[in-house]
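Undergrad: Dropping in work.cif, with mmCIF, C-alpha atoms; chains and numbers go by the auth columns.
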```cif
data_query
#
loop_
_atom_site.group_PDB
_atom_site.id
_atom_site.type_symbol
_atom_site.label_atom_id
_atom_site.label_comp_id
_atom_site.label_asym_id
_atom_site.label_seq_id
_atom_site.Cartn_x
_atom_site.Cartn_y
_atom_site.Cartn_z
_atom_site.B_iso_or_equiv
_atom_site.auth_seq_id
_atom_site.auth_asym_id
ATOM 1 C CA MET A 1 -6.062 8.419 0.843 0.00 207 A
ATOM 2 C CA THR A 2 -6.398 4.855 -0.348 0.00 208 A
ATOM 3 C CA ASN A 3 -7.944 1.840 1.300 0.00 209 A
ATOM 4 C CA ASP A 4 -4.367 0.705 1.938 0.00 210 A
ATOM 5 C CA SER A 5 -3.432 3.752 4.003 0.00 211 A
ATOM 6 C CA PRO A 6 -2.689 3.441 7.700 0.00 212 A
ATOM 7 C CA HIS A 7 -5.324 4.642 10.152 0.00 213 A
ATOM 8 C CA ILE A 8 -4.934 6.501 13.427 0.00 214 A
ATOM 9 C CA ALA A 9 -7.302 5.105 16.060 0.00 215 A
ATOM 10 C CA LEU A 10 -8.142 6.850 19.327 0.00 216 A
ATOM 11 C CA PHE A 11 -9.457 4.752 22.189 0.00 217 A
ATOM 12 C CA GLN A 12 -12.088 6.764 24.079 0.00 218 A
ATOM 13 C CA PRO A 13 -10.297 10.123 23.778 0.00 219 A
ATOM 14 C CA ASP A 14 -10.767 12.599 26.647 0.00 220 A
ATOM 15 C CA ILE A 15 -9.735 15.965 25.209 0.00 221 A
ATOM 16 C CA ALA A 16 -11.478 17.542 22.223 0.00 222 A
ATOM 17 C CA GLY A 17 -8.513 19.759 21.354 0.00 223 A
ATOM 18 C CA ASN A 18 -6.168 16.789 21.013 0.00 224 A
ATOM 19 C CA THR A 19 -8.650 14.926 18.835 0.00 225 A
ATOM 20 C CA GLY A 20 -9.085 17.999 16.632 0.00 226 A
ATOM 21 C CA ALA A 21 -5.328 18.364 16.239 0.00 227 A
ATOM 22 C CA ILE A 22 -5.035 14.674 15.319 0.00 228 A
ATOM 23 C CA MET A 23 -7.833 15.018 12.760 0.00 229 A
ATOM 24 C CA ARG A 24 -5.990 17.975 11.230 0.00 230 A
ATOM 25 C CA LEU A 25 -2.768 15.944 11.133 0.00 231 A
ATOM 26 C CA ALA A 26 -4.576 13.014 9.515 0.00 232 A
ATOM 27 C CA ALA A 27 -6.226 15.271 6.935 0.00 233 A
ATOM 28 C CA CYS A 28 -2.832 16.691 5.970 0.00 234 A
ATOM 29 C CA PHE A 29 -1.200 13.237 5.798 0.00 235 A
ATOM 30 C CA GLY A 30 -4.130 11.553 4.014 0.00 236 A
ATOM 31 C CA LEU A 31 -4.964 9.195 6.877 0.00 237 A
ATOM 32 C CA ALA A 32 -8.303 8.195 8.369 0.00 238 A
ATOM 33 C CA VAL A 33 -9.078 8.633 12.067 0.00 239 A
ATOM 34 C CA ASP A 34 -11.067 5.985 13.917 0.00 240 A
ATOM 35 C CA ILE A 35 -12.640 7.094 17.194 0.00 241 A
ATOM 36 C CA ILE A 36 -13.571 4.266 19.518 0.00 242 A
ATOM 37 C CA GLU A 37 -16.389 5.573 21.690 0.00 243 A
ATOM 38 C CA PRO A 38 -17.404 6.663 24.165 0.00 244 A
ATOM 39 C CA ALA A 39 -15.380 9.855 23.906 0.00 245 A
ATOM 40 C CA GLY A 40 -15.055 12.148 26.898 0.00 246 A
ATOM 41 C CA PHE A 41 -16.632 15.006 24.914 0.00 247 A
ATOM 42 C CA ASP A 42 -19.305 15.657 22.307 0.00 248 A
ATOM 43 C CA LEU A 43 -17.820 15.228 18.836 0.00 249 A
ATOM 44 C CA SER A 44 -19.407 18.537 17.848 0.00 250 A
ATOM 45 C CA ASP A 45 -17.374 20.279 20.608 0.00 251 A
ATOM 46 C CA ARG A 46 -16.116 23.751 19.648 0.00 252 A
ATOM 47 C CA ASN A 47 -12.625 22.864 20.967 0.00 253 A
ATOM 48 C CA LEU A 48 -12.465 20.006 18.469 0.00 254 A
ATOM 49 C CA LYS A 49 -13.424 22.408 15.698 0.00 255 A
ATOM 50 C CA ARG A 50 -10.998 25.098 16.855 0.00 256 A
ATOM 51 C CA ALA A 51 -8.050 22.667 16.962 0.00 257 A
ATOM 52 C CA GLY A 52 -8.986 21.071 13.631 0.00 258 A
ATOM 53 C CA MET A 53 -9.757 24.414 11.990 0.00 259 A
ATOM 54 C CA ASP A 54 -11.021 24.103 8.422 0.00 260 A
ATOM 55 C CA TYR A 55 -9.105 20.833 7.977 0.00 261 A
ATOM 56 C CA LEU A 56 -11.937 18.843 9.568 0.00 262 A
ATOM 57 C CA GLU A 57 -13.760 19.001 6.239 0.00 263 A
ATOM 58 C CA LEU A 58 -10.807 17.159 4.663 0.00 264 A
ATOM 59 C CA ALA A 59 -10.578 14.553 7.431 0.00 265 A
ATOM 60 C CA THR A 60 -11.923 11.034 7.145 0.00 266 A
ATOM 61 C CA LEU A 61 -13.510 10.174 10.480 0.00 267 A
ATOM 62 C CA VAL A 62 -14.874 6.721 11.315 0.00 268 A
ATOM 63 C CA ARG A 63 -16.805 6.419 14.574 0.00 269 A
ATOM 64 C CA HIS A 64 -17.084 3.066 16.327 0.00 270 A
ATOM 65 C CA ARG A 65 -19.741 2.872 19.031 0.00 271 A
ATOM 66 C CA SER A 66 -17.684 0.430 21.127 0.00 272 A
ATOM 67 C CA TRP A 67 -14.447 -1.518 21.314 0.00 273 A
ATOM 68 C CA GLU A 68 -16.306 -4.625 20.095 0.00 274 A
ATOM 69 C CA HIS A 69 -17.658 -2.755 17.070 0.00 275 A
ATOM 70 C CA PHE A 70 -14.143 -1.510 16.250 0.00 276 A
ATOM 71 C CA GLU A 71 -12.637 -5.006 16.623 0.00 277 A
ATOM 72 C CA ASP A 72 -15.290 -6.535 14.351 0.00 278 A
ATOM 73 C CA TRP A 73 -14.564 -3.893 11.697 0.00 279 A
ATOM 74 C CA ARG A 74 -10.780 -4.313 12.056 0.00 280 A
ATOM 75 C CA ARG A 75 -10.935 -8.075 11.650 0.00 281 A
ATOM 76 C CA GLN A 76 -13.160 -7.774 8.577 0.00 282 A
ATOM 77 C CA GLU A 77 -10.654 -5.304 7.110 0.00 283 A
ATOM 78 C CA GLY A 78 -7.699 -7.575 7.939 0.00 284 A
ATOM 79 C CA ARG A 79 -5.678 -4.773 9.541 0.00 285 A
ATOM 80 C CA ARG A 80 -2.946 -5.119 12.161 0.00 286 A
ATOM 81 C CA LEU A 81 -3.414 -3.219 15.405 0.00 287 A
ATOM 82 C CA ILE A 82 -0.280 -1.415 16.575 0.00 288 A
ATOM 83 C CA LEU A 83 -0.646 -0.028 20.097 0.00 289 A
ATOM 84 C CA PHE A 84 1.494 2.928 21.123 0.00 290 A
ATOM 85 C CA THR A 85 2.051 2.496 24.850 0.00 291 A
ATOM 86 C CA THR A 86 4.316 3.652 27.635 0.00 292 A
ATOM 87 C CA SER A 87 4.381 0.155 29.110 0.00 293 A
ATOM 88 C CA GLY A 88 6.849 -1.688 26.962 0.00 294 A
ATOM 89 C CA GLY A 89 7.203 -3.156 23.552 0.00 295 A
ATOM 90 C CA THR A 90 9.443 -2.409 20.595 0.00 296 A
ATOM 91 C CA VAL A 91 10.863 1.067 20.059 0.00 297 A
ATOM 92 C CA TYR A 92 8.700 2.562 17.299 0.00 298 A
ATOM 93 C CA THR A 93 11.678 3.297 15.008 0.00 299 A
ATOM 94 C CA ASP A 94 12.742 -0.378 15.225 0.00 300 A
ATOM 95 C CA PHE A 95 9.290 -1.616 14.235 0.00 301 A
ATOM 96 C CA ALA A 96 8.392 -2.405 10.597 0.00 302 A
ATOM 97 C CA PHE A 97 5.110 -0.643 9.797 0.00 303 A
ATOM 98 C CA GLN A 98 2.853 -1.808 6.959 0.00 304 A
ATOM 99 C CA PRO A 99 0.429 0.214 4.821 0.00 305 A
ATOM 100 C CA ARG A 100 -2.777 -1.183 6.368 0.00 306 A
ATOM 101 C CA ASP A 101 -1.719 -0.824 10.003 0.00 307 A
ATOM 102 C CA ILE A 102 -3.918 0.865 12.562 0.00 308 A
ATOM 103 C CA LEU A 103 -1.908 3.035 14.940 0.00 309 A
ATOM 104 C CA LEU A 104 -3.824 2.966 18.208 0.00 310 A
ATOM 105 C CA PHE A 105 -3.452 5.591 20.938 0.00 311 A
ATOM 106 C CA GLY A 106 -5.112 5.409 24.352 0.00 312 A
ATOM 107 C CA ARG A 107 -7.025 7.871 26.484 0.00 313 A
ATOM 108 C CA GLU A 108 -5.124 10.864 27.776 0.00 314 A
ATOM 109 C CA SER A 109 -6.217 10.082 31.344 0.00 315 A
ATOM 110 C CA ALA A 110 -5.814 6.307 31.466 0.00 316 A
ATOM 111 C CA GLY A 111 -4.270 4.789 28.333 0.00 317 A
ATOM 112 C CA VAL A 112 -6.017 1.556 27.388 0.00 318 A
ATOM 113 C CA PRO A 113 -7.309 -1.341 29.512 0.00 319 A
ATOM 114 C CA ASP A 114 -5.671 -4.779 29.588 0.00 320 A
ATOM 115 C CA TYR A 115 -8.093 -6.268 27.050 0.00 321 A
ATOM 116 C CA VAL A 116 -6.925 -3.723 24.470 0.00 322 A
ATOM 117 C CA HIS A 117 -3.268 -4.517 25.223 0.00 323 A
ATOM 118 C CA LYS A 118 -4.052 -8.205 24.682 0.00 324 A
ATOM 119 C CA ALA A 119 -5.863 -7.526 21.389 0.00 325 A
ATOM 120 C CA ALA A 120 -2.950 -5.561 19.915 0.00 326 A
ATOM 121 C CA ASP A 121 -0.881 -7.362 17.306 0.00 327 A
ATOM 122 C CA GLU A 122 2.160 -5.344 18.373 0.00 328 A
ATOM 123 C CA ARG A 123 3.014 -2.837 21.090 0.00 329 A
ATOM 124 C CA VAL A 124 5.454 -0.018 20.412 0.00 330 A
ATOM 125 C CA ILE A 125 6.946 2.665 22.594 0.00 331 A
ATOM 126 C CA ILE A 126 8.250 6.155 21.929 0.00 332 A
ATOM 127 C CA PRO A 127 11.289 6.367 24.217 0.00 333 A
ATOM 128 C CA MET A 128 11.471 9.313 26.596 0.00 334 A
ATOM 129 C CA ARG A 129 13.926 10.463 29.198 0.00 335 A
ATOM 130 C CA GLU A 130 13.710 8.876 32.614 0.00 336 A
ATOM 131 C CA GLY A 131 11.067 10.442 34.839 0.00 337 A
ATOM 132 C CA ALA A 132 8.848 11.600 31.953 0.00 338 A
ATOM 133 C CA ARG A 133 5.397 9.947 32.120 0.00 339 A
ATOM 134 C CA SER A 134 3.965 10.532 28.675 0.00 340 A
ATOM 135 C CA LEU A 135 3.744 12.776 25.639 0.00 341 A
ATOM 136 C CA ASN A 136 0.735 14.807 24.619 0.00 342 A
ATOM 137 C CA LEU A 137 -1.599 12.536 22.650 0.00 343 A
ATOM 138 C CA ALA A 138 -1.511 14.654 19.482 0.00 344 A
ATOM 139 C CA MET A 139 2.292 14.789 19.589 0.00 345 A
ATOM 140 C CA ALA A 140 2.546 11.012 20.031 0.00 346 A
ATOM 141 C CA ALA A 141 0.170 10.491 17.076 0.00 347 A
ATOM 142 C CA ALA A 142 2.280 12.855 14.946 0.00 348 A
ATOM 143 C CA ILE A 143 5.515 11.071 15.857 0.00 349 A
ATOM 144 C CA GLY A 144 4.063 7.610 15.261 0.00 350 A
ATOM 145 C CA SER A 145 2.274 8.375 12.010 0.00 351 A
ATOM 146 C CA SER A 146 5.286 10.244 10.616 0.00 352 A
ATOM 147 C CA GLU A 147 7.538 7.238 11.172 0.00 353 A
ATOM 148 C CA ALA A 148 4.970 4.810 9.769 0.00 354 A
ATOM 149 C CA LEU A 149 4.541 6.911 6.628 0.00 355 A
ATOM 150 C CA ARG A 150 8.300 7.405 6.249 0.00 356 A
ATOM 151 C CA GLN A 151 8.843 3.649 6.290 0.00 357 A
ATOM 152 C CA ILE A 152 5.901 2.853 4.015 0.00 358 A
ATOM 153 C CA ARG A 153 6.795 5.501 1.442 0.00 359 A
ATOM 154 C CA SER A 154 10.493 4.617 1.403 0.00 360 A
ATOM 155 C CA ALA A 155 9.569 0.965 0.732 0.00 361 A
ATOM 156 C CA GLN A 156 7.498 1.862 -2.331 0.00 362 A
ATOM 157 C CA PRO A 157 9.124 2.113 -5.743 0.00 363 A
ATOM 158 C CA PRO A 158 9.561 5.651 -7.064 0.00 364 A
ATOM 159 C CA VAL A 159 6.824 6.997 -9.316 0.00 365 A
ATOM 160 C CA ALA A 160 7.917 7.300 -12.927 0.00 366 A
ATOM 161 C CA GLY A 161 7.581 10.809 -14.274 0.00 367 A
#
```
Would you kindly transcribe this structure into structure tokens?
TA:
Amino acid sequence: MTNDSPHIALFQPDIAGNTGAIMRLAACFGLAVDIIEPAGFDLSDRNLKRAGMDYLELATLVRHRSWEHFEDWRRQEGRRLILFTTSGGTVYTDFAFQPRDILLFGRESAGVPDYVHKAADERVIIPMREGARSLNLAMAAAIGSSEALRQIRSAQPPVAG
């Protein structure tokens, strides 16, 4: 992972198992995970560890004690905030991701509040069939980060061998 890699950010996650699965995903993809607290569980939760398995040791986890702390850090880093939301925006496959983007996902129970929507540089949506409310958080993070990495890696020149 480089300083120019995208991050996955979780706004006040509710379910330890989802967070563990996302940390495992991020470890495998070489991404950092930012957790914007408070979380709905103790970060030492056994469900987090069970879902993350031994990959948690490979994961880069950054904890932010509040939304304000996260926003201060993000602005200092000069990173765009891309909110994945069910309430409108550009279809994620039509959006042009950049290497330093932060892919933000909301709480399983409530998404994100209006002030987070307003702070986002862009809002993207993963289209679903009519009548479906939302995807599992870990699945949405996998879909979003896969597309972001696909775009970023395809835009880079091939490595000479």
Undergrad: With all atoms listed in the file as the basis for distance, which of A:Cys234, A:Ala245, A:Ile349, A:Ala338 is at the shortest distance from Gln218 in chain A?
TA: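 Counting all atoms listed in the file, the residue closest to Gln218 in chain A is A:Ala245.
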Undergrad: Evaluate the PyMOL selection byres ((chain A and resi 299-310) around 10) on the structure here and hand back the selected residues as an mmCIF file with C-alpha atoms, keeping the file's coordinate frame.
TA:
```cif
data_model
loop_
_atom_site.group_PDB
_atom_site.id
_atom_site.type_symbol
_atom_site.label_atom_id
_atom_site.label_comp_id
_atom_site.auth_asym_id
_atom_site.auth_seq_id
_atom_site.Cartn_x
_atom_site.Cartn_y
_atom_site.Cartn_z
ATOM 1 C CA THR A 208 -6.398 4.855 -0.348
ATOM 2 C CA ASN A 209 -7.944 1.840 1.300
ATOM 3 C CA ASP A 210 -4.367 0.705 1.938
ATOM 4 C CA SER A 211 -3.432 3.752 4.003
ATOM 5 C CA PRO A 212 -2.689 3.441 7.700
ATOM 6 C CA HIS A 213 -5.324 4.642 10.152
ATOM 7 C CA ILE A 214 -4.934 6.501 13.427
ATOM 8 C CA ALA A 215 -7.302 5.105 16.060
ATOM 9 C CA LEU A 216 -8.142 6.850 19.327
ATOM 10 C CA PHE A 217 -9.457 4.752 22.189
ATOM 11 C CA ALA A 238 -8.303 8.195 8.369
ATOM 12 C CA VAL A 239 -9.078 8.633 12.067
ATOM 13 C CA ASP A 240 -11.067 5.985 13.917
ATOM 14 C CA ILE A 241 -12.640 7.094 17.194
ATOM 15 C CA ILE A 242 -13.571 4.266 19.518
ATOM 16 C CA ARG A 280 -10.780 -4.313 12.056
ATOM 17 C CA GLU A 283 -10.654 -5.304 7.110
ATOM 18 C CA GLY A 284 -7.699 -7.575 7.939
ATOM 19 C CA ARG A 285 -5.678 -4.773 9.541
ATOM 20 C CA ARG A 286 -2.946 -5.119 12.161
ATOM 21 C CA LEU A 287 -3.414 -3.219 15.405
ATOM 22 C CA ILE A 288 -0.280 -1.415 16.575
ATOM 23 C CA LEU A 289 -0.646 -0.028 20.097
ATOM 24 C CA PHE A 290 1.494 2.928 21.123
ATOM 25 C CA THR A 291 2.051 2.496 24.850
ATOM 26 C CA GLY A 295 7.203 -3.156 23.552
ATOM 27 C CA THR A 296 9.443 -2.409 20.595
ATOM 28 C CA VAL A 297 10.863 1.067 20.059
ATOM 29 C CA TYR A 298 8.700 2.562 17.299
ATOM 30 C CA PHE A 311 -3.452 5.591 20.938
ATOM 31 C CA GLY A 312 -5.112 5.409 24.352
ATOM 32 C CA VAL A 318 -6.017 1.556 27.388
ATOM 33 C CA VAL A 322 -6.925 -3.723 24.470
ATOM 34 C CA ALA A 326 -2.950 -5.561 19.915
ATOM 35 C CA ASP A 327 -0.881 -7.362 17.306
ATOM 36 C CA GLU A 328 2.160 -5.344 18.373
ATOM 37 C CA ARG A 329 3.014 -2.837 21.090
ATOM 38 C CA VAL A 330 5.454 -0.018 20.412
ATOM 39 C CA ILE A 331 6.946 2.665 22.594
ATOM 40 C CA ILE A 332 8.250 6.155 21.929
ATOM 41 C CA PRO A 333 11.289 6.367 24.217
ATOM 42 C CA ALA A 347 0.170 10.491 17.076
ATOM 43 C CA ILE A 349 5.515 11.071 15.857
ATOM 44 C CA GLY A 350 4.063 7.610 15.261
ATOM 45 C CA SER A 351 2.274 8.375 12.010
ATOM 46 C CA GLU A 353 7.538 7.238 11.172
ATOM 47 C CA ALA A 354 4.970 4.810 9.769
ATOM 48 C CA LEU A 355 4.541 6.911 6.628
ATOM 49 C CA ARG A 356 8.300 7.405 6.249
ATOM 50 C CA GLN A 357 8.843 3.649 6.290
ATOM 51 C CA ILE A 358 5.901 2.853 4.015
ATOM 52 C CA ARG A 359 6.795 5.501 1.442
ATOM 53 C CA ALA A 361 9.569 0.965 0.732
#
```
Undergrad: CA of Gly226 in chain A and CA of Leu264 in chain A, how far apart in Å?
TA: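 According to the coordinates, CA of Leu264 in chain A and CA of Gly226 in chain A are separated by 12.1 Å.
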Undergrad: One decimal, Å: what's the distance from CA of Asp248 in chain A over to CA of Asp278 in chain A, could you say?
TA: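 It comes out at 23.9 Å.
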Undergrad: Can you give me, as an MDAnalysis selection string, the residues this file yields under the PyMOL selection byres ((chain A and resi 230) around 7)?
TA: chainID A and resid 226:229 231:234 258 261:262 265
Undergrad: Smallest atom-to-atom distance to Trp273 in chain A: which of A:Asp320, A:Glu314, A:Glu243, A:Glu336, using only C-alpha atoms?
TA: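 Of the candidates, the smallest distance to Trp273 in chain A is held by A:Glu243.
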Undergrad: Can you measure CA of Gly294 in chain A to CA of Arg339 in chain A for me? One decimal in Å is fine.
TA: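 Separation between CA of Gly294 in chain A and CA of Arg339 in chain A: 12.8 Å.
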Undergrad: For range 234-243 of chain A, what centre and edge lengths in Å (one decimal) does the axis-aligned box get once 6 Å is added on each side of all its listed atoms, as AutoDock Vina command-line options?
TA:
```
--center_x -8.8 --center_y 10.5 --center_z 12.9 --size_x 27.2 --size_y 24.4 --size_z 29.7
```
Undergrad: Using all atoms listed in the file, which of A:Ser272, A:Gly317, A:Glu263, A:Gly246 sits nearest Thr292 in chain A?
TA: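 Residue with the minimum atom-to-atom distance to Thr292 in chain A: A:Gly317.
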